[in-house]
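Quick look at final36.pdb (PDB, C-alpha atoms):
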MODEL        1
ATOM      1  CA  GLN A   1       2.610 125.252  33.779  1.00  0.00           C
ATOM      2  CA  PRO A   2       2.333 128.445  31.742  1.00  0.00           C
ATOM      3  CA  GLN A   3       4.036 128.183  28.400  1.00  0.00           C
ATOM      4  CA  VAL A   4       4.641 130.373  25.390  1.00  0.00           C
ATOM      5  CA  VAL A   5       5.729 128.943  22.051  1.00  0.00           C
ATOM      6  CA  GLU A   6       6.636 130.989  18.982  1.00  0.00           C
ATOM      7  CA  SER A   7       6.624 129.788  15.414  1.00  0.00           C
ATOM      8  CA  GLY A   8       6.760 131.171  11.913  1.00  0.00           C
ATOM      9  CA  GLY A   9      10.245 132.561  11.608  1.00  0.00           C
ATOM     10  CA  GLY A  10      12.335 132.070   8.503  1.00  0.00           C
ATOM     11  CA  VAL A  11      14.132 133.859   5.724  1.00  0.00           C
ATOM     12  CA  ALA A  12      12.635 136.678   3.710  1.00  0.00           C
ATOM     13  CA  GLN A  13      13.919 139.094   1.138  1.00  0.00           C
ATOM     14  CA  PRO A  14      13.874 142.822   1.798  1.00  0.00           C
ATOM     15  CA  GLY A  15      10.365 144.049   1.217  1.00  0.00           C
ATOM     16  CA  GLY A  16       8.944 140.637   1.966  1.00  0.00           C
ATOM     17  CA  SER A  17       6.646 139.438   4.722  1.00  0.00           C
ATOM     18  CA  LEU A  18       6.583 136.904   7.501  1.00  0.00           C
ATOM     19  CA  ARG A  19       3.958 136.040  10.068  1.00  0.00           C
ATOM     20  CA  LEU A  20       4.873 134.874  13.532  1.00  0.00           C
ATOM     21  CA  SER A  21       2.560 132.997  15.854  1.00  0.00           C
ATOM     22  CA  CYS A  22       2.634 132.782  19.623  1.00  0.00           C
ATOM     23  CA  ALA A  23       0.683 130.042  21.369  1.00  0.00           C
ATOM     24  CA  VAL A  24       0.027 130.760  25.027  1.00  0.00           C
ATOM     25  CA  SER A  25      -1.050 127.884  27.230  1.00  0.00           C
ATOM     26  CA  GLY A  26      -1.817 127.545  30.902  1.00  0.00           C
ATOM     27  CA  LEU A  27      -2.836 131.182  31.139  1.00  0.00           C
ATOM     28  CA  SER A  28      -6.367 131.294  29.801  1.00  0.00           C
ATOM     29  CA  THR A  29      -7.898 132.360  33.107  1.00  0.00           C
ATOM     30  CA  TYR A  30      -5.369 135.088  33.760  1.00  0.00           C
ATOM     31  CA  HIS A  31      -5.195 138.699  32.735  1.00  0.00           C
ATOM     32  CA  TYR A  32      -1.916 138.859  30.863  1.00  0.00           C
ATOM     33  CA  VAL A  33       0.034 141.080  28.530  1.00  0.00           C
ATOM     34  CA  VAL A  34       1.593 139.396  25.535  1.00  0.00           C
ATOM     35  CA  GLY A  35       4.683 141.020  24.160  1.00  0.00           C
ATOM     36  CA  TRP A  36       6.801 140.586  21.074  1.00  0.00           C
ATOM     37  CA  PHE A  37      10.506 141.292  21.359  1.00  0.00           C
ATOM     38  CA  ARG A  38      13.515 140.815  19.164  1.00  0.00           C
ATOM     39  CA  GLN A  39      17.232 140.590  19.660  1.00  0.00           C
ATOM     40  CA  ALA A  40      19.906 140.951  17.010  1.00  0.00           C
ATOM     41  CA  PRO A  41      23.406 139.583  17.611  1.00  0.00           C
ATOM     42  CA  GLY A  42      25.357 141.956  19.818  1.00  0.00           C
ATOM     43  CA  ASN A  43      22.295 144.050  20.590  1.00  0.00           C
ATOM     44  CA  GLU A  44      19.993 144.275  23.567  1.00  0.00           C
ATOM     45  CA  ARG A  45      16.529 142.814  23.399  1.00  0.00           C
ATOM     46  CA  GLU A  46      14.091 145.395  22.116  1.00  0.00           C
ATOM     47  CA  ALA A  47      10.333 145.682  22.316  1.00  0.00           C
ATOM     48  CA  ILE A  48       8.224 145.300  19.198  1.00  0.00           C
ATOM     49  CA  SER A  49       4.623 145.178  20.322  1.00  0.00           C
ATOM     50  CA  CYS A  50       2.476 144.561  23.380  1.00  0.00           C
ATOM     51  CA  GLU A  51      -1.207 143.996  23.991  1.00  0.00           C
ATOM     52  CA  SER A  52      -3.470 142.740  26.736  1.00  0.00           C
ATOM     53  CA  ASN A  53      -5.741 139.737  26.447  1.00  0.00           C
ATOM     54  CA  ARG A  54      -8.533 141.820  28.001  1.00  0.00           C
ATOM     55  CA  GLU A  55      -8.215 145.039  26.051  1.00  0.00           C
ATOM     56  CA  TRP A  56      -8.049 146.006  22.421  1.00  0.00           C
ATOM     57  CA  ASP A  57      -5.270 148.571  22.436  1.00  0.00           C
ATOM     58  CA  ARG A  58      -1.858 147.666  21.111  1.00  0.00           C
ATOM     59  CA  TYR A  59       1.516 149.278  21.464  1.00  0.00           C
ATOM     60  CA  PHE A  60       4.092 149.252  18.701  1.00  0.00           C
ATOM     61  CA  ALA A  61       7.655 150.453  18.735  1.00  0.00           C
ATOM     62  CA  GLU A  62       8.296 153.361  16.387  1.00  0.00           C
ATOM     63  CA  SER A  63      10.787 151.328  14.371  1.00  0.00           C
ATOM     64  CA  VAL A  64       8.069 148.910  13.219  1.00  0.00           C
ATOM     65  CA  LYS A  65       4.843 150.852  13.633  1.00  0.00           C
ATOM     66  CA  ALA A  66       4.200 151.416   9.941  1.00  0.00           C
ATOM     67  CA  ARG A  67       5.169 147.897   8.870  1.00  0.00           C
ATOM     68  CA  PHE A  68       4.134 145.419  11.551  1.00  0.00           C
ATOM     69  CA  THR A  69       0.654 144.574  12.762  1.00  0.00           C
ATOM     70  CA  ALA A  70      -0.472 142.371  15.610  1.00  0.00           C
ATOM     71  CA  SER A  71      -3.613 140.403  16.185  1.00  0.00           C
ATOM     72  CA  GLY A  72      -4.876 137.740  18.509  1.00  0.00           C
ATOM     73  CA  ASP A  73      -7.331 134.915  18.712  1.00  0.00           C
ATOM     74  CA  ARG A  74      -8.361 135.321  22.309  1.00  0.00           C
ATOM     75  CA  ALA A  75     -10.446 132.161  22.279  1.00  0.00           C
ATOM     76  CA  SER A  76      -7.391 130.036  21.536  1.00  0.00           C
ATOM     77  CA  ASN A  77      -4.836 132.303  23.233  1.00  0.00           C
ATOM     78  CA  THR A  78      -2.871 132.527  20.012  1.00  0.00           C
ATOM     79  CA  TRP A  79      -1.216 135.772  18.995  1.00  0.00           C
ATOM     80  CA  PHE A  80       0.207 136.860  15.697  1.00  0.00           C
ATOM     81  CA  LEU A  81       2.769 139.330  14.478  1.00  0.00           C
ATOM     82  CA  GLN A  82       2.452 140.189  10.798  1.00  0.00           C
ATOM     83  CA  MET A  83       5.676 141.690   9.505  1.00  0.00           C
ATOM     84  CA  ASP A  84       5.557 143.441   6.146  1.00  0.00           C
ATOM     85  CA  ASP A  85       8.112 145.415   4.173  1.00  0.00           C
ATOM     86  CA  LEU A  86      10.869 143.644   6.019  1.00  0.00           C
ATOM     87  CA  LYS A  87      14.289 145.236   6.165  1.00  0.00           C
ATOM     88  CA  PRO A  88      17.707 143.699   6.848  1.00  0.00           C
ATOM     89  CA  GLN A  89      17.728 145.455  10.229  1.00  0.00           C
ATOM     90  CA  ASP A  90      14.678 143.376  11.207  1.00  0.00           C
ATOM     91  CA  THR A  91      16.937 140.333  11.334  1.00  0.00           C
ATOM     92  CA  GLY A  92      17.124 138.758  14.755  1.00  0.00           C
ATOM     93  CA  THR A  93      15.603 136.277  17.136  1.00  0.00           C
ATOM     94  CA  TYR A  94      11.999 137.099  17.888  1.00  0.00           C
ATOM     95  CA  TYR A  95      10.480 136.243  21.225  1.00  0.00           C
ATOM     96  CA  CYS A  96       6.983 136.140  22.580  1.00  0.00           C
ATOM     97  CA  ALA A  97       6.469 136.588  26.307  1.00  0.00           C
ATOM     98  CA  ALA A  98       3.697 136.990  28.859  1.00  0.00           C
ATOM     99  CA  ALA A  99       3.413 139.327  31.822  1.00  0.00           C
ATOM    100  CA  PHE A 100       0.778 139.373  34.543  1.00  0.00           C
ATOM    101  CA  PRO A 101      -0.412 142.854  35.460  1.00  0.00           C
ATOM    102  CA  ARG A 102      -1.942 143.422  38.869  1.00  0.00           C
ATOM    103  CA  VAL A 103      -4.280 146.120  37.606  1.00  0.00           C
ATOM    104  CA  GLU A 104      -6.890 146.063  34.876  1.00  0.00           C
ATOM    105  CA  ALA A 105      -5.725 149.229  33.154  1.00  0.00           C
ATOM    106  CA  VAL A 106      -2.312 148.508  31.689  1.00  0.00           C
ATOM    107  CA  ASP A 107       0.225 150.979  30.357  1.00  0.00           C
ATOM    108  CA  LEU A 108       1.307 148.898  27.391  1.00  0.00           C
ATOM    109  CA  ALA A 109       4.239 151.123  26.489  1.00  0.00           C
ATOM    110  CA  PHE A 110       5.586 150.804  30.016  1.00  0.00           C
ATOM    111  CA  TYR A 111       5.208 147.050  29.940  1.00  0.00           C
ATOM    112  CA  CYS A 112       6.818 146.732  26.535  1.00  0.00           C
ATOM    113  CA  HIS A 113       9.878 148.647  27.649  1.00  0.00           C
ATOM    114  CA  THR A 114      10.221 146.818  30.975  1.00  0.00           C
ATOM    115  CA  THR A 115      11.171 143.287  30.017  1.00  0.00           C
ATOM    116  CA  SER A 116      11.668 142.327  33.660  1.00  0.00           C
ATOM    117  CA  LEU A 117       7.870 142.339  34.010  1.00  0.00           C
ATOM    118  CA  PHE A 118       7.575 139.389  31.642  1.00  0.00           C
ATOM    119  CA  ASN A 119       7.669 136.096  33.501  1.00  0.00           C
ATOM    120  CA  VAL A 120       7.117 133.537  30.765  1.00  0.00           C
ATOM    121  CA  TRP A 121       9.236 133.538  27.622  1.00  0.00           C
ATOM    122  CA  GLY A 122       9.214 131.453  24.503  1.00  0.00           C
ATOM    123  CA  GLN A 123      12.297 129.878  23.027  1.00  0.00           C
ATOM    124  CA  GLY A 124      12.503 132.391  20.212  1.00  0.00           C
ATOM    125  CA  THR A 125      12.242 132.057  16.459  1.00  0.00           C
ATOM    126  CA  GLN A 126      14.833 133.288  13.977  1.00  0.00           C
ATOM    127  CA  VAL A 127      13.962 135.879  11.356  1.00  0.00           C
ATOM    128  CA  THR A 128      16.517 136.625   8.662  1.00  0.00           C
ATOM    129  CA  VAL A 129      16.014 139.320   6.054  1.00  0.00           C
ATOM    130  CA  ASP A 130      18.553 139.013   3.302  1.00  0.00           C
ATOM    131  CA  SER A 131      18.629 139.378  -0.422  1.00  0.00           C
TER     132      SER A 131
ENDMDL
END

Same coordinates, now as structure tokens:
Amino acid sequence: QPQVVESGGGVAQPGGSLRLSCAVSGLSTYHYVVGWFRQAPGNEREAISCESNREWDRYFAESVKARFTASGDRASNTWFLQMDDLKPQDTGTYYCAAAFPRVEAVDLAFYCHTTSLFNVWGQGTQVTVDS
């Protein structure tokens, strides 16, 4: 059974950092796209970053591009979101999810902004940025 589990959320002060982890299991033989999303209370879920387990490109939303970085340990199917220079507007529940593209060449921006393509979702981890 494919599963995605996030960890690493917490409370940070403005300007601080947090690192989220996403453990993907049951998918090691698949070509998948791993995406990071967040949702603040009263807001729609928004895309943060997406990347493929078979390529090296990454997509980042403009709102976080200069402050967040993503990386992955493909051998262990563990993915990371490093969040620096956090701002109060980064507060929300952060989700990791997996999608299964049918083609090798993936438009990561398209995938990131089409949440319906993601079939497996984690439970979410809370990030709070507050002084």

Legend entry - Evaluate the PyMOL selection byres ((chain A and resi 42-57) around 8) and report residues as a ChimeraX atom specification: /A:31-41,58-61,64,70,74,106,108-109,111-113

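Across the structure, CA of Ala105 (chain A) and CA of Thr29 (chain A) are spaced 17.0 Å apart.
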
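The residues returned by the PyMOL selection byres ((chain A and resi 93-97) around 8) on the shown structure are Val4, Val5, Glu6, Gly9, Cys22, Val34, Gly35, Trp36, Phe37, Arg38, Gln39, Ala40, Thr91, Gly92, Ala98, Ala99, Phe118, Asn119, Val120, Trp121, Gly122, Gln123, Gly124, Thr125, Gln126 and Val127 of chain A.
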
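Distance check against Leu18 (chain A) using only C-alpha atoms: of A:Glu104, A:Asp90, A:Asp84, A:Asp130, the minimum falls on A:Asp84.
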
Please, what is the axis-aligned box for every listed atom of region 40-52 of chain A with 5 Å on each side, as centre and edge lengths in Å to one decimal, as lines of an AutoDock Vina configuration file?
center_x = 10.9
center_y = 142.6
center_z = 21.9
size_x = 38.8
size_y = 16.1
size_z = 19.7

Once the PyMOL selection byres ((chain A and resi 17) around 7) has been evaluated on this model, what residues remain selected, and can you format them as a compact mmCIF listing (two decimals) with C-alpha atoms, in the frame of the given file?
# COMPACT_ATOMS: atom_id res chain seq x y z
CA ALA A 12 12.64 136.68 3.71
CA GLY A 15 10.36 144.05 1.22
CA GLY A 16 8.94 140.64 1.97
CA LEU A 18 6.58 136.90 7.50
CA ARG A 19 3.96 136.04 10.07
CA MET A 83 5.68 141.69 9.51
CA ASP A 84 5.56 143.44 6.15
CA ASP A 85 8.11 145.42 4.17
CA LEU A 86 10.87 143.64 6.02

Inset, instruction - Fewer than 5 positions away in the same chain doesn't count, so skip those; otherwise give me all residues within 12 Å of Gln1 (chain A), counting all atoms listed in the file, as a VMD selection string. - result: chain A and resid 24 to 28 119 to 120

Inset, instruction - Would you mind reading off the distance between CA of Gln89 (chain A) and CA of Ser71 (chain A), one decimal, in Å? - result: 22.7 Å

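Between CA of Ser21 (chain A) and CA of Trp79 (chain A) the separation is 5.6 Å.
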
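Closest to Arg67 (chain A) among A:Leu20, A:Gln82, A:Pro2, A:Thr115 is A:Gln82, based on only C-alpha atoms.
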
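Across A:Phe100, A:Tyr30, A:Thr128, A:Val11, the tightest approach to Asn77 (chain A) is made by A:Tyr30 when counting all atoms listed in the file.
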
Legend entry - Among the residues A:Phe68, A:Ala23, A:Ser116, A:Lys87, the one that comes closest to Val129 (chain A) [using all atoms listed in the file]: A:Lys87
